[in-house]
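Engineer: Here you go, one structure.
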Amino acid sequence: MRFDAAYFIDLCRKTGFTLTREGGLLCYDYKNKRIAGADYFIETMRQHKAELLPLLVDIRPVKQLDLFDDDNSTG
């Protein structure tokens, strides 16, 4: 059986897992609720991390330049 990352992400959402990406890290949260089969979800995420990451939005805060900082001036 072939792993379908998009289906797995949808299944996680329906089950109560929240999947996010922070750079190269795959993060999950289930708000301390008991979820049947949670260990299986977590193990599957570990095995298929490379397939899941491209489908998730990166939630890292974008580093922005301070326009009024003298070190950032170009002139």
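In the structure tokens, each chain is lettered A, B, ... as it comes, each chain's residues begin at 1, and ligands are numbered from 1 in order of appearance.
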Give me, as a list in words, all polymer residues having an atom no more than 12 Å from Ala50 of chain A, counting only C-alpha atoms and skipping those fewer than 6 positions away in the same chain.

Structural biologist: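 Within the cut-off, the hits are Phe3, Ala5, Arg21, Gly24, Leu25, Leu26, Thr44 and Leu56 of chain A.
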
Engineer: Using DSSP secondary structure from the backbone, list all alpha helix (DSSP H) positions within chain A, as number ranges by chain.

Structural biologist: A: 5-15, 38-47, 49-52

Engineer: Using DSSP on the backbone coordinates, identify the residues of chain A assigned to strand (DSSP E); present them as a list of chain:residue names.

Structural biologist: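 The residues of chain A classed as strand (DSSP E) are A:Thr18, A:Leu19, A:Thr20, A:Arg21, A:Glu22, A:Leu25, A:Leu26, A:Cys27, A:Tyr28, A:Asp29.
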
Engineer: Quick one: of A:Cys27, A:Arg2, A:Ile35, A:Asp10, who's nearest to Lys49 of chain A, counting only C-alpha atoms?

Structural biologist: A:Cys27

Engineer: Find, counting only C-alpha atoms, the residue in A:Thr15, A:Arg46, A:Leu53, A:Phe68 that gets nearest to Lys31 of chain A.

Structural biologist: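 Among A:Thr15, A:Arg46, A:Leu53, A:Phe68, it is A:Thr15 that comes nearest to Lys31 of chain A.
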
Engineer: Work out how far apart atom CA of Phe8 of chain A and atom CA of Ile42 of chain A are and give it in Å to one decimal.

Structural biologist: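 Interatomic distance here is 11.4 Å.
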
Engineer: Can you tell me which residues surround Leu55 of chain A at a distance of at most 9 Å, considering only C-alpha atoms, apart from same-chain residues fewer than 4 positions away, and format the answer as a list in words?

Structural biologist: Ala5, Ala6, Ile9 and Glu51 of chain A

Engineer: How far is it from atom CA of Glu43 of chain A to atom CA of Glu22 of chain A, in Å with one decimal?

Structural biologist: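 Computing the Euclidean distance for atom CA of Glu43 of chain A and atom CA of Glu22 of chain A yields 18.9 Å.
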